[in-house]
Structures are given as C-alpha cells and as structure tokens.
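Trainee: If you scroll down you'll find the structure; I have some questions about it.
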There are 2 protein chains.
Amino acid sequence: PPGFVSLVGAGPGDAGLLTRRGAERLRTADVVLYDALVDPAVLALAPSAHRFHVGKRAGRPSVSQRAIERLLVRAARAGKRVVRLKCGDPFVFGRGGEEALALAAAGVPFEVVPGVSSAVAAPALAGIPVTHRGTSAAFAVVAGHAEASYGPVLDGLAPGTLSLVVLMGVGERAGIAARLRARGWAAETPAALVLGASGELVHTWRGRLADLPGLALPPDRTHLPGTLVVGAVAALSLRSPHSTEAQPAARADARPT
Amino acid sequence: PPGFVSLVGAGPGDAGLLTRRGAERLRTADVVLYDALVDPAVLALAPSAHRFHVGKRAGRPSVSQRAIERLLVRAARAGKRVVRLKCGDPFVFGRGGEEALALAAAGVPFEVVPGVSSAVAAPALAGIPVTHRGTSAAFAVVAGHAEASYGPVLDGLAPGTLSLVVLMGVGERAGIAARLRARGWAAETPAALVLGASGELVHTWRGRLADLPGLALPPDRTHLPGTLVVGAVAALSLRSPHSTEAQPAARADARPT
C-alpha cells in the first residue's frame, strides 16, 4: 500500500492541547519526525513508531530542511504511515508549506492536521486574550527571530491598532521594542512576555514596551519558548478566583486551592 | 462541591480538530452552553450533559451576552461542571475574555481550554498557509462583521506586508475590499474566500482583491462561515497528489483516489 504523510500541529506543548485527530495519527504512525520543542508527553502517544528528532536547536547541528523533506518522501515511498510533528500549527512559521510542496512534487499523498497555535494559546494560558471587546478587535502574529524578517512587518503596523504577538522573539526583544518605538508605539504600551506557557516552568512578565529591552529573564528559563504580546490586552490578567501566580487561571490544573 | 466552568474552543468544526482536553471536559460535563456554529459531532461528545444553544444567528433572537454569563454563574453555583463551548478559540473574537471576567467577578473558578482557530485552520484546510517562507512572514486576523471595527484596523496595515485573514467578513466583503484598495493594496493582490472549511460543503473561491466585491456566492452555501484571505499566500494551493477540488489536500479524508 502507498505511504501517507500527516503534517500534524502538536499544539503549544501540553498533550491535552493536541487535537483528537493528531493523537489518532500518532497512535497509528509507523514513523514520527518531530521538532525540538515537542513535549515528550505528546511523543508518548506514538509508542509503536520509530521516532526521529529533526529539530533545530540553537548552537547544535540540525537536520536541514531539505534532508527532512527527503526523509518524509523516502519513508512514505517505503509504504509507511508518517507523522511530521510540529510545534503549534504547521502553517504558523512551521515550514509546513514547504514540506507540503515537496511531498506534492514527489507524488506523495499527504494531509494537514491543524494545531492550536502558541500565538493565541500562550497568551491565553497566561490570562491574556489576544482580542477583547472594546480593547482589541484584531491581532497580528510575527516571527521575531531575525530583524530582516520582522522589521518590514513592524514598520507596516500603525501603533496601537491591534494586538501584536511575536513568536521566537525573546532574544530579539530589545530590537523589536526599539523598532516599535521608532514606528511610534508609545513607551507606556502594555507588554507581556510568556515563557514556557504550557509547561511546569511557566513564567509571565508584564510591563511596558519601554521596559522590554532591559528585561532580565530568570536564568533557569532562558531555554523556554517565549511569546511576546504588545498592546492594551497585555495589561489584562484573566485569572480564576483562588488561583495563584504559579497556577494561572487559564491552565488546565487551575482548580481552587 | 463547588462548580467549575471550562471555556473550551471547539475548533473550526470537524470533531477531529477538537483538543483532547476539550473532549475530556465534554465527556464529564453536566451542562454545555454552545454557540450556533458548533458541529453536532462535537456536541455528541457530551452525551450525558444538559445542552443549551445560546448562539447568535442572523435574523433570530439570541440569548444576550449578559444572560449567558448569568447562566454560567448560576450553573456553577449549583455545583455543576459547566462547559462553555465556542467555535474556534475562545479568545479569537469569542468573547471569552468577557465571560472570564464575569466568572472571576462572581467568584466562580474557571479555566480556558484553547482551540484550533479558524483564522489559521480554514485557510490551511483549503491549501493556503497563512505564513510561507519567502512569501509571508506574518499575518493579521481581523473581525469583518462591522466597518466601525475593521475599518481602523485595515487603515493601519501597510499594503502587502503580511497575510490578512478576515473572519465573519463574508457579508462585508465589498466594503473590506474597498477599504484595502483605498489604503493602497493592489487590485492584483491574491484573495481567497473559504466557506465551510471543515465541513462537507467546503467551497473555495480564489481570485484578485479587485474581484472580491463582485463575487457571487453559491446560493446553497451562503449560510456557511466564511474566512477571507488577502495577500500573496492566497495564490498558493497546497494539494495532495490525486486529490480533487471536492477533496482538498488539507482535508483529513484526502487519500489518493
């Protein structure tokens, strides 16, 4: 029988935020190729699959994008049910589009299983709604790893007209803040940084846009994925009664203590 | 025992795109309050719950937002496990923030279970990635139901710097296109409209921004939720080999024929 590739969004981390279809594809997978930040609890849903880590991590050699595409094609041609497991959603900075094109070019049938994107879920898990009636009627999502990429986008956003969510921008937070200030965003604009939103080590900083460049991260959490929110919604903190800072309202385990 | 409210994102329709935690909350729910466009297959996951439709539909009376909040509070105070089930994600135009604030004000413990947003998933299911390397490094999501809301947002977006996704904007498509053209977006900018992305009646139109005002919808599908995409990514069509228009690549059932 011909193989098949499922490009699956793993969600923001927590295995409870994987979709039911994603879980089903993992359960029946022969081969799983997964990214660096995919949670072990998600991988554990594919106990019988051969699992390969193909993710990129700062400072370590990684499998190239072309090599990943070759691996996908080769496994599918060998008749395998292949899951390509990506953090968040495959089409939100996940290079899922490139892999879909490579599979189509090779004649390999595939599907896309969308996932919960960290762009919305990480703020939500910290009590920040990316839209809120009377506060924000829109949001923009930008990748913050390189100024060549985020610069032109930020330059094109009129100050304060929407919520801004920056993924992969923790290391560039000073440059991002400077670019927004230069574009006219007010120093007092609320800002928040959520580190490791869906894990045990979740850490949320809140302040003003002007404070972002000088922000020091907790040393034990600099490895965690970070989501930056800029705009009026960043000042909101939707917390369940009786919840504590360590148990934000929006976490699944936030029960009254 | 005290009651508890889960604000759950149902995803874009298809029950396979509900999260595992969302499904678990439905399974154990005593009461479910759900919106108009939630799929019956999702509701079927809560067989033992009392289920109440509180959604808004054009032309019909609906339960007011304040009344929904009172229902949530009352059910939780009666000790019930309550699920508030919303299309897509609770914080992407879902008024989840207002309900969270109302629950907090009433002392009712709650959680948020993020969902797959139609803003990303509806384009994906039609073969359109909202970001794509070399084509789009960012996207903005706007609610298109009222010009007073989308107008200032669209005026603040420099033409062509990101992918634009408009939810709930099918009826306003002419006004949205006019506003973008006035802002300087080129007539030739690719545009796509996805109707009923995750259902049987999925319909995708592709064209140019200039064609959008004159677009006639299939008469049998005007009731379906629509997602509008404007920008270079709208010209992409990531399709699995052997798939047909009726079975777009990104649909779960897209197997070779």
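Ordering of the structure tokens sets the chain letters (A, B, ...); residue numbers start at 1 within each chain; ligands are numbered from 1 in the order shown.
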Can you tell me which residues surround Leu167 of chain A at a distance of at most 6 Å, considering only C-alpha atoms, apart from same-chain residues fewer than 4 positions away, and format the answer as a list in words?
Mentor: Ala143, Gly144 and Thr227 of chain A
Trainee: Taking the DSSP secondary structure from the backbone, can you list the residues of segment 112-171 of chain A that are alpha helix (DSSP H), as a short mmCIF file (atom, residue, chain, number, x, y, z; two decimals) with C-alpha atoms, in the first residue's frame?
Mentor:
```
data_model
loop_
_atom_site.label_atom_id
_atom_site.label_comp_id
_atom_site.auth_asym_id
_atom_site.auth_seq_id
_atom_site.Cartn_x
_atom_site.Cartn_y
_atom_site.Cartn_z
CA SER A 118 1.08 29.23 20.57
CA ALA A 119 0.36 32.66 19.08
CA VAL A 120 -3.09 32.54 20.66
CA ALA A 121 -2.70 29.82 23.30
CA ALA A 122 0.44 31.05 25.07
CA PRO A 123 -1.10 34.44 25.87
CA ALA A 124 -4.39 32.72 26.79
CA LEU A 125 -2.65 30.37 29.23
CA GLU A 147 15.24 41.71 12.07
CA ALA A 148 15.31 41.27 8.29
CA SER A 149 12.05 39.37 8.69
CA TYR A 150 10.21 41.28 11.44
CA GLY A 151 11.47 44.77 10.58
CA PRO A 152 9.37 45.43 7.47
CA VAL A 153 6.31 43.88 9.12
CA LEU A 154 6.55 46.01 12.27
CA ASP A 155 7.19 49.13 10.18
#
```
Trainee: Can you pull out the residues contacting Glu188 of chain B? Cut-off 8 Å, using only C-alpha atoms, and skip same-chain residues under 2 positions away; I want them as a ChimeraX atom specification.
Mentor: /B:186,190,208-210
Trainee: For a quick check of understanding, using only C-alpha atoms, which of A:Ser237, A:Ser163, A:Ser243, A:Ser198 has the smallest distance to Ser117 of chain A?
Mentor: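 Closest to Ser117 of chain A, using only C-alpha atoms: A:Ser198.
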Trainee: Could you please determine the separation between atom CA of Leu201 of chain A and atom CA of Arg221 of chain A in Å, to one decimal place?
Mentor: 7.3 Å
Trainee: Measuring atom to atom with only C-alpha atoms, identify which of A:Arg25, A:Gly171, A:Gln65, A:Ala100 is nearest to Leu236 of chain B.
Mentor: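 The shortest atom-to-atom distance to Leu236 of chain B comes from A:Ala100.
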Trainee: Which residue gives the smallest distance to chain A among B:Ala232, B:Val5, B:Val73, B:Leu224, with only C-alpha atoms counted?
Mentor: B:Val5
Trainee: Can you list, as a CSV table (one decimal) with N, CA and C atoms, in the first residue's frame, all residues belonging to segment 30-116 of chain B that DSSP tags as strand (DSSP E)?
Mentor:
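Writing done, so here's states.csv:
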```
chain,number,residue,atom,x,y,z
B,31,VAL,N,-23.3,20.3,32.2
B,31,VAL,CA,-24.0,21.3,31.4
B,31,VAL,C,-23.1,21.8,30.3
B,32,VAL,N,-23.7,22.0,29.1
B,32,VAL,CA,-22.9,22.5,28.0
B,32,VAL,C,-23.7,23.7,27.4
B,33,LEU,N,-23.1,24.9,27.3
B,33,LEU,CA,-23.7,26.0,26.6
B,33,LEU,C,-22.9,26.2,25.3
B,34,TYR,N,-23.5,26.1,24.2
B,34,TYR,CA,-22.8,26.1,22.9
B,34,TYR,C,-23.3,27.2,21.9
B,50,HIS,N,-26.7,18.3,30.0
B,50,HIS,CA,-27.8,19.1,29.5
B,50,HIS,C,-27.1,20.2,28.6
B,51,ARG,N,-27.6,20.2,27.4
B,51,ARG,CA,-27.0,21.1,26.3
B,51,ARG,C,-28.0,22.2,26.0
B,52,PHE,N,-27.4,23.4,26.0
B,52,PHE,CA,-28.2,24.6,25.7
B,52,PHE,C,-27.6,25.4,24.5
B,53,HIS,N,-28.3,25.7,23.5
B,53,HIS,CA,-27.9,26.5,22.4
B,53,HIS,C,-28.1,28.0,22.8
B,81,ARG,N,-20.4,20.9,36.6
B,81,ARG,CA,-19.3,21.0,35.7
B,81,ARG,C,-19.8,21.6,34.4
B,82,VAL,N,-19.5,22.8,34.1
B,82,VAL,CA,-20.0,23.5,33.0
B,82,VAL,C,-19.0,23.7,31.9
B,83,VAL,N,-19.4,23.4,30.7
B,83,VAL,CA,-18.5,23.7,29.5
B,83,VAL,C,-19.2,24.7,28.7
B,84,ARG,N,-18.4,25.8,28.5
B,84,ARG,CA,-18.9,26.9,27.5
B,84,ARG,C,-18.1,26.6,26.3
B,85,LEU,N,-18.9,26.1,25.2
B,85,LEU,CA,-18.2,25.7,24.0
B,85,LEU,C,-18.4,26.7,22.9
B,86,LYS,N,-17.2,27.2,22.4
B,86,LYS,CA,-17.2,28.2,21.5
B,86,LYS,C,-16.5,27.8,20.2
B,110,PHE,N,-12.7,28.9,37.1
B,110,PHE,CA,-12.8,28.6,35.7
B,110,PHE,C,-11.4,28.3,35.1
B,111,GLU,N,-11.4,27.7,33.9
B,111,GLU,CA,-10.2,27.5,33.1
B,111,GLU,C,-10.5,27.9,31.7
B,112,VAL,N,-9.4,28.1,30.9
B,112,VAL,CA,-9.6,28.3,29.5
B,112,VAL,C,-8.9,27.1,28.8
B,113,VAL,N,-9.6,26.4,27.8
B,113,VAL,CA,-9.0,25.4,27.0
B,113,VAL,C,-8.9,25.9,25.6
```
Trainee: Please compute the atom CA of Ala67 of chain A-atom CA of Lys80 of chain A distance, one decimal, in Å.
Mentor: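 Spanning atom CA of Ala67 of chain A to atom CA of Lys80 of chain A is a straight-line distance of 17.5 Å.
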Trainee: Nearest residue to chain B out of A:Leu101, A:Ala174, A:Ala78, A:Ala46, using only C-alpha atoms?
Mentor: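 For chain B, the nearest of the candidates is A:Leu101.
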Trainee: Out of A:Ala126, A:Leu238, A:Ala192, A:Leu215, which residue has the shortest atom-to-atom distance to chain B when counting only C-alpha atoms?
Mentor: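 For chain B, the nearest of the given residues is A:Leu238.
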Trainee: List as a PyMOL selection string the protein and nucleic acid residues near Leu18 of chain B, meaning an atom at most 8 Å away when only C-alpha atoms are counted, but skip any in the same chain fewer than 5 places from it.
Mentor: (chain A and resi 19-20) or (chain B and resi 9-11+23+42+115-116)
Trainee: Write a file of the selected residues as an mmCIF file, in the first residue's frame, keeping N, CA, C and O atoms.
Mentor:
```cif
data_model
loop_
_atom_site.group_PDB
_atom_site.id
_atom_site.type_symbol
_atom_site.label_atom_id
_atom_site.label_comp_id
_atom_site.auth_asym_id
_atom_site.auth_seq_id
_atom_site.Cartn_x
_atom_site.Cartn_y
_atom_site.Cartn_z
ATOM 1 N N THR A 19 -4.830 17.921 19.073
ATOM 2 C CA THR A 19 -6.172 17.579 18.587
ATOM 3 C C THR A 19 -6.401 16.072 18.659
ATOM 4 O O THR A 19 -5.464 15.271 18.696
ATOM 5 N N ARG A 20 -7.668 15.701 18.641
ATOM 6 C CA ARG A 20 -8.027 14.280 18.641
ATOM 7 C C ARG A 20 -7.492 13.583 17.395
ATOM 8 O O ARG A 20 -7.007 12.463 17.450
ATOM 9 N N GLY B 9 -12.518 25.947 23.418
ATOM 10 C CA GLY B 9 -12.552 26.200 21.981
ATOM 11 C C GLY B 9 -12.884 24.917 21.244
ATOM 12 O O GLY B 9 -12.189 23.909 21.397
ATOM 13 N N ALA B 10 -13.949 24.952 20.434
ATOM 14 C CA ALA B 10 -14.392 23.740 19.735
ATOM 15 C C ALA B 10 -13.603 23.496 18.457
ATOM 16 O O ALA B 10 -13.735 22.452 17.840
ATOM 17 N N GLY B 11 -12.773 24.460 18.055
ATOM 18 C CA GLY B 11 -12.081 24.321 16.778
ATOM 19 C C GLY B 11 -12.978 24.725 15.619
ATOM 20 O O GLY B 11 -14.097 25.216 15.828
ATOM 21 N N ALA B 23 -12.321 17.478 24.568
ATOM 22 C CA ALA B 23 -13.155 16.273 24.504
ATOM 23 C C ALA B 23 -13.382 15.695 25.903
ATOM 24 O O ALA B 23 -14.489 15.266 26.247
ATOM 25 N N VAL B 42 -19.326 17.411 17.530
ATOM 26 C CA VAL B 42 -18.618 17.850 18.742
ATOM 27 C C VAL B 42 -19.554 17.734 19.944
ATOM 28 O O VAL B 42 -19.189 17.193 20.997
ATOM 29 N N GLY B 115 -8.451 26.490 21.589
ATOM 30 C CA GLY B 115 -8.863 25.652 20.476
ATOM 31 C C GLY B 115 -8.133 26.032 19.195
ATOM 32 O O GLY B 115 -7.432 27.040 19.147
ATOM 33 N N VAL B 116 -8.311 25.189 18.187
ATOM 34 C CA VAL B 116 -7.759 25.487 16.864
ATOM 35 C C VAL B 116 -8.592 26.616 16.258
ATOM 36 O O VAL B 116 -9.804 26.477 16.101
#
```
